[in-house]
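Encoded as structure tokens, the structure appears first; notes follow it.
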Amino acid sequence: MRDVLFVVGEASGDLHAGKVVEALHASWDADGVPASSRARLRGVGGQHMARAGVDIIEPVEHLAVMGFVEVLQHVPKHWALLRRLKRDMASGRVGLVVLLDYPGFNLKAAAAAKAAGIPVLYYITPQVWAWGADRLPRIAQVVTRAACILPFEEALLRQHGVDATFVGHPLLDRAQHLPSREEACAQLGLDPARPVLAVFPGSRRAEIARHLAPFVEAAQAVQAQRADVQVIVGVAPTVSIDQAQCPFPLVSGQGFVVQRAATAGLLKSGTNTLEAAVAGLPHVIGYMTNPLTYRIARRVVKIPHIGLVNVVAKREVSKEFVQQDFVPAQVASALLPLLDVQSAAHRNALEGLTAVRDSLGSPGASARVAAMLRQLLEPAT
């Protein structure tokens, strides 16, 4: 059996790919497939993929970057890696390419696989509903099967000739056994009788650099009006924050526990807003980026909301404060009603978040993708 080549572009892709590989091995175990008959798994990835049994040929840290302006600095490195992957695909050893997210690079990798006659499974598909709709014909040409994680993506991709399947959102697999608020507060040393504000400034160094200070200022503005509010900062495992830069307790790698303990949250836009929907955390969204990147994005992004929770809901479930609109005092004013569990604002937010969670499908996304992988790799079985 020929190799499976995985390509991810950042830490979240590494995590999700690792889960797929774990599910793949579980599937092989259940079917009694001997180790000698299993495909060798290789790819661009990180620690999660490595622990799951993938031979890492290039660390994901060499790829991870976002933003129109920021990507330009990494173009030579990306082209060098693409040339390396093309040589690998041309060797005849690769039987399937599995791509996760990171469309700027991975659509080029998909085209290379197509040219080499190798099927492509794309998991966590490009967000063509936000921008880049002109990519749809290209996706249909180079992607054999697509596994979508947002409920509206399957129909959109199928309309343009892509063999797409909605597999559910992978974060649901991590959220099957969430602690109660009391349990979460006990784990974090918080008083459950007092409101808790959770602050999540981002999962990349550049996001921390832009968000931490204004997010902290907004939290301090909240405390200036409600001294009983406890503030805690959720730190993604992909970054570190110097405690000297932050007057609040830092908790690393326990996002769901922090969200379950909190009464309200101040979150960077992105997947963590969907995590908040799953955890039942009313929140406000903030985001700031390079000014030129933002100006370009304003021209190409075709949707009215930046927060994924609002994109899925197709309305503003959580208020957004983007770029120059992020004024800490105004953000604090939006957070204060959410910190009152008896308020209409808190109640309405919970109703909207529940609807979003219900639309994300059911647990088991990784196992469904692993099954698709085997269908492409082992068509005769």
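Lettering and numbering for the structure tokens are positional, with chains as A, B, ... in the shown order, residues counted from 1 in each chain, and ligands counted from 1 in the shown order.
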
Surrounding residues of Arg315 of chain A excluding itself and chain neighbours under 4 positions, 8 Å, only C-alpha atoms, as an mmCIF file with C-alpha atoms, in the first residue's frame:
data_model
loop_
_atom_site.group_PDB
_atom_site.id
_atom_site.type_symbol
_atom_site.label_atom_id
_atom_site.label_comp_id
_atom_site.auth_asym_id
_atom_site.auth_seq_id
_atom_site.Cartn_x
_atom_site.Cartn_y
_atom_site.Cartn_z
ATOM 1 C CA HIS A 305 -19.458 39.373 10.030
ATOM 2 C CA ASN A 310 -21.995 35.057 13.663
ATOM 3 C CA VAL A 311 -21.168 33.608 10.238
#

**OP:** Name the residues in contact with Ala332 of chain A at a cut-off of 7 Å, using only C-alpha atoms, excluding same-chain residues fewer than 3 positions from it; report them as a ChimeraX atom specification.
**Re:** /A:218-219,221-222,328-329,335-336

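Between atom CA of Trp79 of chain A and atom CA of Leu376 of chain A the interatomic distance comes to 27.4 Å.
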
**OP:** List every residue of segment 16-254 of chain A that DSSP, applied to the backbone, labels as alpha helix (DSSP H), and write the result as a PyMOL selection string.
**Re:** chain A and resi 16-30+47-52+68-72+75-90+103-115+136-142+153-159+171-174+181-188+205-225

**OP:** Work out how far apart atom CA of Gly286 of chain A and atom CA of Val322 of chain A are and give it in Å to one decimal.
**Re:** 5.6 Å

Subject >> Surrounding residues of Ser12 of chain A excluding itself and chain neighbours under 6 positions, 10 Å, only C-alpha atoms, as a PyMOL selection string >> reply: chain A and resi 18+46+48+100-101+203+238+271

Store the residues of this selection in a file with C-alpha atoms, as a PDB file, in the first residue's frame.
ATOM      1  CA  GLY A  18      -3.692  13.972  14.596  1.00  0.00           C
ATOM      2  CA  GLY A  46       3.519  18.972  14.312  1.00  0.00           C
ATOM      3  CA  HIS A  48      -0.091  15.917  17.492  1.00  0.00           C
ATOM      4  CA  LEU A 100      -6.221  20.438   6.017  1.00  0.00           C
ATOM      5  CA  ASP A 101      -7.209  24.108   5.772  1.00  0.00           C
ATOM      6  CA  SER A 203      -3.417  31.701  19.281  1.00  0.00           C
ATOM      7  CA  THR A 238       0.651  27.534  20.695  1.00  0.00           C
ATOM      8  CA  THR A 271     -12.790  29.068  16.003  1.00  0.00           C
TER       9      THR A 271
END

**OP:** Please provide as a VMD selection string all residues within 9 Å of His25 of chain A, with the sequence filter that same-chain residues fewer than 6 positions apart are discarded (counting only C-alpha atoms).
**Re:** chain A and resid 38 52 370

The selected residues should be written to file as a tab-separated table (two decimals), in the first residue's frame (atoms: N, CA, C and O atoms).
chain	number	residue	atom	x	y	z
A	38	ARG	N	-0.65	-1.75	6.48
A	38	ARG	CA	-1.13	-0.38	6.62
A	38	ARG	C	-0.24	0.60	5.86
A	38	ARG	O	0.97	0.39	5.75
A	52	ALA	N	0.55	10.68	16.92
A	52	ALA	CA	-0.43	9.75	16.35
A	52	ALA	C	0.22	8.75	15.40
A	52	ALA	O	-0.43	7.80	14.98
A	370	ALA	N	-11.67	9.75	8.60
A	370	ALA	CA	-10.84	8.55	8.47
A	370	ALA	C	-11.50	7.53	7.55
A	370	ALA	O	-10.82	6.86	6.76

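Across A:Val356, A:Val216, A:Val199, A:Ala365, the tightest approach to His283 of chain A is made by A:Val199 when counting only C-alpha atoms.
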
Which residues are close to segment 29-36 of chain A, i.e. within 10 Å by only C-alpha atoms, leaving aside same-chain residues fewer than 5 positions away? Reply as an mmCIF file with C-alpha atoms, in the first residue's frame.
data_model
loop_
_atom_site.group_PDB
_atom_site.id
_atom_site.type_symbol
_atom_site.label_atom_id
_atom_site.label_comp_id
_atom_site.auth_asym_id
_atom_site.auth_seq_id
_atom_site.Cartn_x
_atom_site.Cartn_y
_atom_site.Cartn_z
ATOM 1 C CA MET A 1 0.000 0.000 0.000
ATOM 2 C CA ALA A 23 -9.338 7.384 14.210
ATOM 3 C CA LEU A 24 -7.686 5.780 11.192
#
